[in-house]
file target-v9.cif (mmCIF, C-alpha atoms)
data_query
#
loop_
_atom_site.label_atom_id
_atom_site.label_comp_id
_atom_site.auth_asym_id
_atom_site.auth_seq_id
_atom_site.Cartn_x
_atom_site.Cartn_y
_atom_site.Cartn_z
CA MET A 1 -34.26 108.04 -40.85
CA HIS A 2 -32.43 108.21 -37.51
CA LYS A 3 -34.67 108.16 -34.47
CA SER A 4 -31.88 108.44 -31.93
CA ARG A 5 -32.10 111.36 -29.53
CA PHE A 6 -28.36 111.95 -29.52
CA MET A 7 -25.78 111.51 -32.29
CA ARG A 8 -22.05 112.19 -32.58
CA LYS A 9 -20.98 115.00 -34.95
CA SER A 10 -18.47 112.66 -36.59
CA ALA A 11 -21.28 110.24 -37.59
CA ILE A 12 -23.63 112.78 -39.20
CA VAL A 13 -21.72 113.46 -42.44
CA PRO A 14 -20.93 109.76 -43.22
CA ALA A 15 -24.58 108.85 -42.61
CA ILE A 16 -25.77 111.52 -45.07
CA VAL A 17 -23.20 110.47 -47.72
CA ASN A 18 -24.12 106.77 -47.42
CA ARG A 19 -27.80 107.61 -47.76
CA ILE A 20 -27.19 109.62 -50.94
CA LYS A 21 -25.04 106.84 -52.46
CA ARG A 22 -27.68 104.23 -51.66
CA ASP A 23 -30.42 106.30 -53.25
CA LEU A 24 -28.37 106.96 -56.40
CA ILE A 25 -27.76 103.20 -56.86
CA HIS A 26 -31.05 101.83 -55.57
CA ASN A 27 -33.48 104.05 -57.48
CA PRO A 28 -32.21 103.21 -61.03
CA LEU A 29 -32.15 99.50 -60.18
CA HIS A 30 -35.64 99.73 -58.75
CA LEU A 31 -36.80 101.44 -61.95
CA ILE A 32 -35.26 98.68 -64.11
CA PHE A 33 -36.89 95.90 -62.10
CA SER A 34 -40.27 97.64 -62.03
CA VAL A 35 -40.28 97.57 -65.83
CA ASP A 36 -38.78 94.03 -65.73
CA PHE A 37 -36.82 94.68 -68.89
CA LEU A 38 -34.36 91.85 -68.21
CA GLY A 39 -37.13 89.39 -67.39
CA VAL A 40 -39.00 90.13 -70.63
CA THR A 41 -35.79 89.79 -72.67
CA LYS A 42 -34.92 86.45 -71.04
CA SER A 43 -38.44 85.07 -71.55
CA THR A 44 -38.47 86.08 -75.24
CA LEU A 45 -35.08 84.52 -75.94
CA SER A 46 -36.03 81.32 -74.08
CA SER A 47 -39.27 80.95 -76.06
CA LEU A 48 -37.44 81.44 -79.37
CA SER A 49 -34.75 78.93 -78.37
CA LYS A 50 -37.35 76.33 -77.37
CA GLY A 51 -39.20 76.80 -80.67
CA PHE A 52 -36.07 76.28 -82.76
CA ALA A 53 -35.12 73.22 -80.68
CA GLU A 54 -38.53 71.62 -81.32
CA LEU A 55 -38.13 72.23 -85.06
CA SER A 56 -35.14 69.88 -85.06
CA THR A 57 -37.40 66.90 -84.03
CA ASP A 58 -34.38 65.38 -82.26
CA GLY A 59 -35.74 63.57 -79.21
CA GLN A 60 -32.33 63.06 -77.60
CA PHE A 61 -31.48 66.77 -77.94
CA LEU A 62 -34.87 67.85 -76.54
CA GLN A 63 -34.65 65.45 -73.57
CA LEU A 64 -31.14 66.56 -72.60
CA ARG A 65 -32.07 70.23 -73.01
CA SER A 66 -35.16 69.79 -70.81
CA LYS A 67 -33.21 68.07 -68.04
CA GLN A 68 -30.54 70.74 -68.02
CA GLY A 69 -33.22 73.45 -67.98
CA TRP A 70 -34.85 72.51 -64.69
CA SER A 71 -31.55 71.66 -63.00
CA ARG A 72 -29.84 75.00 -63.65
CA ARG A 73 -28.97 77.19 -60.69
CA ILE A 74 -27.80 80.60 -61.95
CA THR A 75 -26.62 82.88 -59.16
CA GLY A 76 -24.66 85.49 -61.14
CA VAL A 77 -23.12 86.61 -64.41
CA GLY A 78 -20.40 83.94 -64.19
CA ASP A 79 -22.91 81.07 -63.99
CA GLY A 80 -24.88 82.54 -66.89
CA LEU A 81 -21.81 82.77 -69.13
CA VAL A 82 -20.57 79.26 -68.28
CA GLN A 83 -23.92 77.52 -68.74
CA GLY A 84 -24.74 79.62 -71.80
CA THR A 85 -21.47 78.59 -73.44
CA GLU A 86 -22.21 74.96 -72.62
CA ALA A 87 -25.69 75.25 -74.17
CA PHE A 88 -24.26 76.81 -77.33
CA ALA A 89 -21.58 74.09 -77.64
CA GLN A 90 -24.26 71.44 -77.09
CA GLY A 91 -26.45 72.81 -79.90
CA LEU A 92 -23.48 73.11 -82.24
CA ALA A 93 -22.27 69.56 -81.52
CA PHE A 94 -25.72 68.02 -81.96
CA GLY A 95 -26.19 69.91 -85.23
CA VAL A 96 -22.85 68.75 -86.66
CA SER A 97 -23.13 65.14 -85.45
CA GLY A 98 -26.71 64.91 -86.75
CA VAL A 99 -25.44 65.19 -90.33
CA LEU A 100 -24.15 61.61 -90.02
CA ARG A 101 -26.34 60.26 -87.25
CA LYS A 102 -29.84 61.10 -88.50
CA PRO A 103 -29.54 59.54 -92.00
CA VAL A 104 -28.20 56.34 -90.43
CA GLU A 105 -31.06 56.22 -87.90
CA SER A 106 -33.68 56.81 -90.60
CA ALA A 107 -32.10 54.16 -92.84
CA ARG A 108 -32.24 51.61 -90.04
CA GLN A 109 -35.88 52.43 -89.35
CA TYR A 110 -37.31 52.89 -92.85
CA GLY A 111 -34.70 51.33 -95.13
CA VAL A 112 -33.32 53.00 -98.25
CA ILE A 113 -36.32 55.35 -98.45
CA GLY A 114 -35.46 56.69 -95.00
CA ILE A 115 -32.11 58.09 -96.17
CA ALA A 116 -33.82 61.05 -97.86
CA HIS A 117 -35.93 61.68 -94.76
CA GLY A 118 -32.81 61.51 -92.60
CA LEU A 119 -30.94 63.95 -94.83
CA GLY A 120 -33.81 66.41 -94.53
CA ARG A 121 -33.81 66.14 -90.74
CA ALA A 122 -30.02 66.51 -90.69
CA PHE A 123 -30.19 69.67 -92.85
CA VAL A 124 -32.84 71.26 -90.61
CA GLY A 125 -31.05 70.22 -87.42
CA CYS A 126 -27.72 71.57 -88.67
CA ILE A 127 -29.33 75.02 -88.87
CA VAL A 128 -31.83 75.21 -86.01
CA GLN A 129 -29.85 73.38 -83.27
CA PRO A 130 -26.84 75.76 -83.30
CA LEU A 131 -29.29 78.68 -83.53
CA SER A 132 -31.18 77.33 -80.50
CA GLY A 133 -27.88 77.04 -78.61
CA ALA A 134 -26.94 80.64 -79.49
CA LEU A 135 -30.29 81.91 -78.22
CA ASP A 136 -29.81 79.87 -75.04
CA PHE A 137 -26.42 81.55 -74.59
CA PHE A 138 -27.92 85.06 -74.71
CA SER A 139 -30.91 84.02 -72.56
CA LEU A 140 -28.73 82.51 -69.82
CA THR A 141 -26.34 85.47 -69.91
CA VAL A 142 -29.25 87.88 -69.38
CA ASP A 143 -30.51 85.61 -66.59
CA GLY A 144 -27.09 85.84 -64.91
CA ILE A 145 -27.09 89.65 -65.17
CA SER A 146 -30.57 89.72 -63.66
CA ALA A 147 -29.45 87.47 -60.78
CA SER A 148 -26.50 89.77 -60.05
CA PHE A 149 -28.80 92.84 -59.99
CA ILE A 150 -31.16 91.06 -57.60
CA LYS A 151 -28.22 90.34 -55.30
CA CYS A 152 -27.26 94.03 -55.29
CA VAL A 153 -30.83 95.10 -54.49
CA ASN A 154 -31.11 92.56 -51.66
CA ILE A 155 -27.84 93.76 -50.15
CA LEU A 156 -28.92 97.42 -50.33
CA ASN A 157 -32.29 96.56 -48.76
CA ASN A 158 -30.65 94.35 -46.11
CA LYS A 159 -32.61 91.35 -47.38
CA PHE A 160 -31.04 87.90 -47.20
CA VAL A 161 -32.30 84.70 -48.77
CA PRO A 162 -32.69 81.99 -46.09
CA GLN A 163 -30.34 79.03 -46.48
CA ARG A 164 -31.06 75.43 -45.54
CA ILE A 165 -29.47 74.46 -42.21
CA ARG A 166 -29.26 70.72 -42.92
CA ASP A 167 -29.78 68.33 -45.83
CA PRO A 168 -33.21 66.70 -46.31
CA ARG A 169 -33.90 63.52 -44.38
CA ALA A 170 -33.03 60.33 -46.28
CA ILE A 171 -36.14 58.39 -47.38
CA HIS A 172 -35.60 54.75 -48.30
CA ARG A 173 -37.62 52.51 -50.58
CA ASP A 174 -39.97 51.37 -47.79
CA GLY A 175 -41.09 54.97 -47.15
CA VAL A 176 -40.56 54.73 -43.36
CA ILE A 177 -39.51 58.00 -41.67
CA ARG A 178 -36.58 57.22 -39.40
CA GLU A 179 -34.45 59.24 -37.00
CA TYR A 180 -32.42 61.88 -38.81
CA ASP A 181 -28.96 60.75 -39.88
CA SER A 182 -26.66 63.41 -41.35
CA LEU A 183 -24.48 60.78 -43.11
CA GLU A 184 -27.46 59.24 -44.91
CA ALA A 185 -28.78 62.71 -45.77
CA SER A 186 -25.50 63.68 -47.43
CA GLY A 187 -25.49 60.40 -49.37
CA GLN A 188 -29.03 61.07 -50.58
CA MET A 189 -28.00 64.53 -51.77
CA ALA A 190 -25.04 62.99 -53.63
CA LEU A 191 -27.54 60.75 -55.45
CA TYR A 192 -29.80 63.72 -56.27
CA LEU A 193 -26.90 65.78 -57.67
CA ALA A 194 -25.08 62.99 -59.54
CA GLU A 195 -24.43 63.78 -63.20
CA ALA A 196 -23.99 61.33 -66.04
CA SER A 197 -21.56 62.21 -68.83
CA ARG A 198 -22.25 62.08 -72.54
CA TYR A 199 -19.42 61.47 -74.94
CA PHE A 200 -18.81 63.02 -78.35
CA ALA A 201 -15.71 62.11 -80.35
CA CYS A 202 -14.20 60.36 -77.30
CA THR A 203 -14.38 63.62 -75.34
CA ASP A 204 -16.53 64.23 -72.29
CA LEU A 205 -18.57 67.27 -73.39
CA PHE A 206 -22.06 67.32 -71.88
CA ARG A 207 -23.69 66.28 -68.65
CA GLU A 208 -27.05 64.77 -67.78
CA PRO A 209 -27.84 66.30 -64.37
CA SER A 210 -29.69 64.43 -61.63
CA LYS A 211 -29.97 61.29 -63.75
CA TYR A 212 -31.39 59.03 -61.03
CA ALA A 213 -32.91 61.69 -58.73
CA TRP A 214 -36.53 60.75 -59.50
CA SER A 215 -36.21 57.04 -60.26
CA ASP A 216 -34.08 55.63 -57.39
CA TYR A 217 -34.29 55.60 -53.60
CA TYR A 218 -31.13 55.98 -51.54
CA GLU A 219 -30.13 52.95 -49.46
CA ASP A 220 -26.43 53.18 -48.51
CA HIS A 221 -23.12 54.73 -49.53
CA PHE A 222 -19.40 54.29 -48.79
CA ILE A 223 -16.48 56.69 -49.22
CA VAL A 224 -13.79 54.69 -51.01
CA PRO A 225 -10.23 55.72 -52.02
CA ASN A 226 -9.38 58.17 -54.83
CA GLN A 227 -12.27 60.52 -53.88
CA ARG A 228 -14.92 58.08 -55.02
CA ILE A 229 -18.31 57.16 -53.59
CA ALA A 230 -19.88 53.70 -53.90
CA LEU A 231 -23.63 54.37 -53.73
CA VAL A 232 -26.31 51.68 -53.37
CA THR A 233 -29.93 52.40 -54.36
CA ASN A 234 -33.02 50.23 -54.64
CA LYS A 235 -32.36 49.74 -58.38
CA ARG A 236 -28.60 49.75 -58.93
CA VAL A 237 -25.08 50.22 -57.56
CA ILE A 238 -23.29 53.38 -58.69
CA LEU A 239 -19.67 54.55 -58.52
CA LEU A 240 -19.28 58.34 -58.31
CA GLN A 241 -16.22 60.55 -58.74
CA CYS A 242 -16.34 63.49 -56.32
CA LEU A 243 -13.97 66.46 -56.60
CA ASP A 244 -14.51 67.59 -52.99
CA LEU A 245 -15.81 65.08 -50.44
CA ASP A 246 -16.49 67.86 -47.93
CA LYS A 247 -19.02 69.35 -50.38
CA MET A 248 -20.48 66.13 -51.79
CA ASP A 249 -23.97 67.23 -50.70
CA ARG A 250 -23.70 70.60 -52.48
CA LYS A 251 -21.62 70.00 -55.61
CA PRO A 252 -22.55 67.36 -58.20
CA SER A 253 -20.44 64.22 -58.61
CA LYS A 254 -19.72 62.44 -61.88
CA ILE A 255 -21.21 58.97 -62.49
CA LEU A 256 -18.33 56.72 -63.57
CA TRP A 257 -20.58 53.67 -64.06
CA ASP A 258 -23.77 52.10 -62.76
CA VAL A 259 -24.94 48.48 -62.75
CA PRO A 260 -28.70 47.72 -62.44
CA TRP A 261 -29.61 44.70 -60.35
CA GLU A 262 -30.83 42.92 -63.49
CA GLU A 263 -27.26 42.94 -64.85
CA VAL A 264 -25.53 41.54 -61.73
CA LEU A 265 -24.35 37.97 -62.20
CA ALA A 266 -22.26 37.46 -59.05
CA LEU A 267 -20.35 39.30 -56.32
CA GLU A 268 -16.77 38.57 -55.34
CA LEU A 269 -14.34 39.75 -52.66
CA ALA A 270 -10.65 39.94 -53.56
CA LYS A 271 -7.41 40.45 -51.61
CA ALA A 272 -4.97 42.40 -53.77
CA GLY A 273 -1.75 42.31 -51.77
CA TYR A 274 -3.49 42.64 -48.39
CA GLN A 275 -4.38 40.22 -45.62
CA ARG A 276 -7.99 41.46 -45.67
CA PRO A 277 -10.43 41.92 -48.59
CA SER A 278 -9.57 45.10 -50.49
CA HIS A 279 -11.74 44.94 -53.63
CA VAL A 280 -15.37 44.24 -54.48
CA ILE A 281 -15.85 42.68 -57.92
CA ILE A 282 -19.27 42.78 -59.60
CA HIS A 283 -19.60 40.27 -62.44
CA LEU A 284 -21.92 41.37 -65.26
CA LYS A 285 -24.42 39.26 -67.15
CA ASN A 286 -24.18 41.11 -70.46
CA PHE A 287 -21.17 42.93 -71.91
CA ARG A 288 -19.52 43.58 -75.26
CA ARG A 289 -16.31 41.88 -76.24
CA SER A 290 -14.47 45.21 -76.10
CA GLU A 291 -15.70 45.97 -72.55
CA ASN A 292 -14.78 44.67 -69.13
CA PHE A 293 -16.91 41.80 -67.88
CA VAL A 294 -16.65 43.04 -64.28
CA ARG A 295 -16.96 46.30 -62.34
CA LEU A 296 -14.25 46.86 -59.75
CA ILE A 297 -14.50 48.90 -56.54
CA LYS A 298 -11.29 49.49 -54.60
CA CYS A 299 -11.98 49.81 -50.85
CA SER A 300 -9.90 51.17 -47.99
CA VAL A 301 -8.05 48.67 -45.81
CA ASP A 302 -8.02 49.59 -42.12
CA GLU A 303 -6.74 46.99 -39.69
CA GLU A 304 -8.56 48.55 -36.73
CA ARG A 305 -12.05 48.46 -38.26
CA GLU A 306 -14.13 45.91 -40.07
CA ALA A 307 -13.09 45.55 -43.68
CA GLN A 308 -14.86 48.14 -45.83
CA ALA A 309 -15.00 45.70 -48.75
CA VAL A 310 -16.99 43.23 -46.62
CA LEU A 311 -19.46 45.92 -45.51
CA LEU A 312 -19.91 47.20 -49.07
CA CYS A 313 -20.36 43.69 -50.48
CA SER A 314 -22.94 42.89 -47.79
CA SER A 315 -24.91 46.06 -48.57
CA ILE A 316 -24.87 45.34 -52.32
CA ARG A 317 -25.85 41.71 -51.77
CA LYS A 318 -28.74 42.69 -49.49
CA MET A 319 -30.34 44.96 -52.09
CA TRP A 320 -29.55 42.54 -54.93
CA ARG A 321 -31.26 39.68 -53.08
CA SER A 322 -34.19 41.94 -52.23
CA HIS A 323 -34.59 42.72 -55.94
CA GLN A 324 -34.38 39.04 -56.87
CA THR A 325 -37.23 38.09 -54.54
CA GLY A 326 -39.56 40.36 -56.49
CA THR A 327 -38.67 38.97 -59.92
CA LYS A 328 -40.25 36.00 -61.62
CA VAL A 329 -38.02 32.91 -61.72
CA VAL A 330 -37.98 30.95 -64.99
CA PRO A 331 -36.86 27.30 -64.61
CA LEU A 332 -33.90 26.24 -66.71
CA LYS A 333 -34.49 23.74 -69.52
CA VAL A 334 -31.71 21.19 -69.26
CA PRO A 335 -30.70 19.62 -72.61
CA SER A 336 -30.36 15.85 -72.61
CA GLY A 337 -26.87 14.40 -72.69
CA LEU A 338 -25.31 17.09 -70.51
CA ARG A 339 -24.02 16.20 -67.08
CA PRO A 340 -26.08 17.99 -64.45
CA VAL A 341 -24.89 19.67 -61.25
CA TYR A 342 -26.89 20.32 -58.10
CA PHE A 343 -27.20 23.71 -56.40
CA ALA A 344 -28.40 24.24 -52.85
CA SER A 345 -30.64 27.23 -52.13
CA ASP A 346 -29.84 29.92 -49.55
CA ASP A 347 -32.33 28.40 -47.11
CA ASP A 348 -30.50 25.08 -47.26
CA ARG A 349 -27.21 26.83 -46.56
CA ARG A 350 -28.62 28.49 -43.47
CA GLU A 351 -30.00 25.21 -42.23
CA SER A 352 -26.65 23.52 -42.57
CA GLN A 353 -24.59 23.47 -39.38
CA SER A 354 -21.35 22.38 -41.02
CA PRO A 355 -19.43 25.20 -42.76
CA ALA A 356 -17.60 22.64 -44.90
CA ARG A 357 -20.77 21.29 -46.52
CA PRO A 358 -20.31 21.36 -50.33
CA LEU A 359 -22.72 23.42 -52.42
CA LEU A 360 -22.26 21.11 -55.42
CA SER A 361 -23.05 17.43 -55.40
CA SER A 362 -22.88 14.62 -57.92
CA ARG A 363 -25.69 12.31 -58.95
CA GLY A 364 -24.82 9.89 -56.18
CA ALA A 365 -25.70 12.33 -53.40
CA SER A 366 -27.29 11.01 -50.24
CA SER A 367 -31.06 10.79 -50.18
CA ASN A 368 -31.49 13.23 -47.26
CA VAL A 369 -29.89 16.03 -49.32
CA GLU A 370 -30.99 15.16 -52.85
CA HIS A 371 -34.69 15.90 -52.28
CA ARG A 372 -33.86 19.55 -51.49
CA LEU A 373 -31.58 20.09 -54.51
CA ILE A 374 -32.60 21.11 -58.02
CA ASN A 375 -31.16 19.49 -61.13
CA HIS A 376 -29.61 22.09 -63.47
CA THR A 377 -26.89 22.20 -66.08
CA VAL A 378 -24.47 25.11 -66.26
CA ASN A 379 -21.99 25.63 -69.10
CA PHE A 380 -18.84 27.66 -68.46
CA GLN A 381 -16.75 29.89 -70.73
CA LYS A 382 -13.10 30.86 -70.18
CA MET A 383 -12.84 34.66 -69.78
CA TRP A 384 -9.16 35.12 -68.78
CA SER A 385 -6.05 33.02 -68.54
CA SER A 386 -2.48 33.55 -67.36
CA GLU A 387 -1.06 31.88 -70.46
CA GLN A 388 1.47 34.05 -72.26
CA GLU A 389 -0.23 33.87 -75.67
CA VAL A 390 -3.70 34.80 -74.33
CA ARG A 391 -4.45 38.51 -74.14
CA SER A 392 -5.33 39.52 -70.58
CA ARG A 393 -8.66 41.20 -69.77
CA CYS A 394 -8.28 41.19 -65.99
CA LYS A 395 -7.98 44.66 -64.45
CA LEU A 396 -7.46 43.66 -60.81
CA LEU A 397 -3.87 42.41 -61.14
CA GLY A 398 -1.43 42.24 -63.98
CA LYS A 399 -0.95 39.05 -65.98
CA GLN A 400 1.24 36.67 -64.01
CA VAL A 401 2.59 33.18 -64.63
CA ALA A 402 3.46 30.89 -61.75
CA ASP A 403 7.09 29.77 -61.36
CA ASP A 404 6.15 26.10 -61.56
CA GLY A 405 4.38 26.54 -64.90
CA ARG A 406 0.81 26.30 -63.60
CA ILE A 407 -1.88 28.10 -65.54
CA PHE A 408 -4.61 30.10 -63.81
CA SER A 409 -7.92 30.90 -65.52
CA ILE A 410 -11.16 32.75 -64.81
CA TRP A 411 -14.38 31.03 -65.90
CA ARG A 412 -17.92 32.36 -65.85
CA PRO A 413 -21.22 30.51 -66.27
CA LEU A 414 -23.33 31.03 -69.38
CA CYS A 415 -26.84 31.64 -68.06
CA PRO A 416 -29.95 31.92 -70.25
CA SER A 417 -32.17 34.99 -70.02
CA GLY A 418 -34.30 34.86 -66.89
#
call {"tool": "encode", "arguments": {"input": "target-v9.cif", "output": "structure tokens"}}
result
Amino acid sequence: MHKSRFMRKSAIVPAIVNRIKRDLIHNPLHLIFSVDFLGVTKSTLSSLSKGFAELSTDGQFLQLRSKQGWSRRITGVGDGLVQGTEAFAQGLAFGVSGVLRKPVESARQYGVIGIAHGLGRAFVGCIVQPLSGALDFFSLTVDGISASFIKCVNILNNKFVPQRIRDPRAIHRDGVIREYDSLEASGQMALYLAEASRYFACTDLFREPSKYAWSDYYEDHFIVPNQRIALVTNKRVILLQCLDLDKMDRKPSKILWDVPWEEVLALELAKAGYQRPSHVIIHLKNFRRSENFVRLIKCSVDEEREAQAVLLCSSIRKMWRSHQTGTKVVPLKVPSGLRPVYFASDDDRRESQSPARPLLSSRGASSNVEHRLINHTVNFQKMWSSEQEVRSRCKLLGKQVADDGRIFSIWRPLCPSG
């Protein structure tokens, strides 16, 4: 309805035509949404898919499906088709892999009798899990069609969904509300959106969205080379792979690896062809023989600023030490006959005024130092050597042999649990 007193002749006919077009499109859509045909169809398909998924009694499949369910953001037909295809592939892969996996799991748990139980579960899962994925595909496709219709109706009614102006304020482990920092807020969103990958037949197929969104608090993050983000939380250090750093707070990043504080053995700074530290090396307590015994973070080297590797190492060390203060310390039991070494605590290091004071001392140490030192024995194991016949496991630099024939080795201490 035009309430203007005057109107140009050239504007009357286009206004009438636009009104007729809008009514012809809007009224059928309004009729569809008043019946909510698409909503009922989506709800029915989702309920059937959930029922078939629960029949499989596969806890891993149910947990992954639940996480993906509440993290989905479907804004149109394209999102519905993509996520529906992913759900169908997930159900098919779990059903096929369960034929081998479930009998083995049941045999480990119940022995030979469990093989029959595992075969029964595998047979049921091979049928119901792909069927659940197919129903998820149709449900998500209908959800995408519904989202596209809602967009059309909102545009015709001149209704716009409000968008967030800025990211939520970063809240650290202590719960103190501080002045808003856009850099910290974007780092917190990167933690919330981070996805862990699941592997099937050496191929990255599925994702576990928002893996640490509800368990960890954001503490610090650093943008490192190769579009990666080193993120420090109250429970672990994480390395993320981000496709677009400008949209790191809106698009999820991939978790390359994460190391909980309980698994950190030591921190090390390395200079790989630079005058300043360029790498942070995190030594692990536990690892398989086929895996790396360190985690490596390559940092940017800028001569005009403080070394990024030093800042990152300091941030990791701060949270690692904070975690250690809250854990129970178990004293080492030193076997007789082994030569002991003496370690000074951090407090003793701060009290020392001489930077050249040794941290290790022999039995004949002076009396003014010996009363503050604790007697422990530490055994070491060779992890890497530059000898030609030894297979290298070092990823920082290639295997090198000195010109004068010297041999270089990496040793690590063997520490008992606790």
call {"tool": "closest_residue", "arguments": {"input": "target-v9.cif", "among": "A:Pro168, A:Pro162, A:Gly76, A:Gly95", "to": "Pro130 in chain A", "atoms": "all atoms listed in the file"}}
result
A:Gly95
call {"tool": "resolve_selection", "arguments": {"input": "target-v9.cif", "expression": "the PyMOL selection byres ((chain A and resi 222) around 12)", "output": "number ranges by chain"}}
result
A: 183-184, 186-188, 190, 219-221, 223-225, 227-232, 237-240, 245, 297-300, 307-316
call {"tool": "write_last_selection", "arguments": {"input": "target-v9.cif", "atoms": "C-alpha atoms", "output": "PDB file, keeping the file's coordinate frame"}}
result
ATOM      1  CA  LEU A 183     -24.480  60.780 -43.110  1.00  0.00           C
ATOM      2  CA  GLU A 184     -27.460  59.240 -44.910  1.00  0.00           C
ATOM      3  CA  SER A 186     -25.500  63.680 -47.430  1.00  0.00           C
ATOM      4  CA  GLY A 187     -25.490  60.400 -49.370  1.00  0.00           C
ATOM      5  CA  GLN A 188     -29.030  61.070 -50.580  1.00  0.00           C
ATOM      6  CA  ALA A 190     -25.040  62.990 -53.630  1.00  0.00           C
ATOM      7  CA  GLU A 219     -30.130  52.950 -49.460  1.00  0.00           C
ATOM      8  CA  ASP A 220     -26.430  53.180 -48.510  1.00  0.00           C
ATOM      9  CA  HIS A 221     -23.120  54.730 -49.530  1.00  0.00           C
ATOM     10  CA  ILE A 223     -16.480  56.690 -49.220  1.00  0.00           C
ATOM     11  CA  VAL A 224     -13.790  54.690 -51.010  1.00  0.00           C
ATOM     12  CA  PRO A 225     -10.230  55.720 -52.020  1.00  0.00           C
ATOM     13  CA  GLN A 227     -12.270  60.520 -53.880  1.00  0.00           C
ATOM     14  CA  ARG A 228     -14.920  58.080 -55.020  1.00  0.00           C
ATOM     15  CA  ILE A 229     -18.310  57.160 -53.590  1.00  0.00           C
ATOM     16  CA  ALA A 230     -19.880  53.700 -53.900  1.00  0.00           C
ATOM     17  CA  LEU A 231     -23.630  54.370 -53.730  1.00  0.00           C
ATOM     18  CA  VAL A 232     -26.310  51.680 -53.370  1.00  0.00           C
ATOM     19  CA  VAL A 237     -25.080  50.220 -57.560  1.00  0.00           C
ATOM     20  CA  ILE A 238     -23.290  53.380 -58.690  1.00  0.00           C
ATOM     21  CA  LEU A 239     -19.670  54.550 -58.520  1.00  0.00           C
ATOM     22  CA  LEU A 240     -19.280  58.340 -58.310  1.00  0.00           C
ATOM     23  CA  LEU A 245     -15.810  65.080 -50.440  1.00  0.00           C
ATOM     24  CA  ILE A 297     -14.500  48.900 -56.540  1.00  0.00           C
ATOM     25  CA  LYS A 298     -11.290  49.490 -54.600  1.00  0.00           C
ATOM     26  CA  CYS A 299     -11.980  49.810 -50.850  1.00  0.00           C
ATOM     27  CA  SER A 300      -9.900  51.170 -47.990  1.00  0.00           C
ATOM     28  CA  ALA A 307     -13.090  45.550 -43.680  1.00  0.00           C
ATOM     29  CA  GLN A 308     -14.860  48.140 -45.830  1.00  0.00           C
ATOM     30  CA  ALA A 309     -15.000  45.700 -48.750  1.00  0.00           C
ATOM     31  CA  VAL A 310     -16.990  43.230 -46.620  1.00  0.00           C
ATOM     32  CA  LEU A 311     -19.460  45.920 -45.510  1.00  0.00           C
ATOM     33  CA  LEU A 312     -19.910  47.200 -49.070  1.00  0.00           C
ATOM     34  CA  CYS A 313     -20.360  43.690 -50.480  1.00  0.00           C
ATOM     35  CA  SER A 314     -22.940  42.890 -47.790  1.00  0.00           C
ATOM     36  CA  SER A 315     -24.910  46.060 -48.570  1.00  0.00           C
ATOM     37  CA  ILE A 316     -24.870  45.340 -52.320  1.00  0.00           C
TER      38      ILE A 316
END
call {"tool": "residues_around", "arguments": {"input": "target-v9.cif", "residues": "Gln60 in chain A", "least_positions_apart": "5", "cutoff": "12 Å", "atoms": "all atoms listed in the file", "output": "ChimeraX atom specification"}}
result
/A:53-54,65-67,90-91,94-95,98,101-102,198,208
call {"tool": "closest_residue", "arguments": {"input": "target-v9.cif", "among": "A:Cys242, A:Leu284, A:Val112, A:Cys152", "to": "Asn226 in chain A", "atoms": "all atoms listed in the file"}}
result
A:Cys242
call {"tool": "resolve_selection", "arguments": {"input": "target-v9.cif", "expression": "the PyMOL selection byres ((chain A and resi 268) around 7)", "output": "list in words"}}
result
Ala266, Leu267, Leu269, Ala270, Val280, Ile281 and Ile282 of chain A
call {"tool": "atom_distance", "arguments": {"input": "target-v9.cif", "atom1": "CA of Leu92 in chain A", "atom2": "CA of Ala134 in chain A"}}
result
8.7 Å
call {"tool": "atom_distance", "arguments": {"input": "target-v9.cif", "atom1": "CA of Ser139 in chain A", "atom2": "CA of Gly59 in chain A"}}
result
22.0 Å
call {"tool": "closest_residue", "arguments": {"input": "target-v9.cif", "among": "A:Tyr218, A:Trp320, A:Trp257, A:Phe123", "to": "Leu100 in chain A", "atoms": "all atoms listed in the file"}}
result
A:Phe123
call {"tool": "atom_distance", "arguments": {"input": "target-v9.cif", "atom1": "CA of Ala196 in chain A", "atom2": "CA of Ser47 in chain A"}}
result
26.8 Å
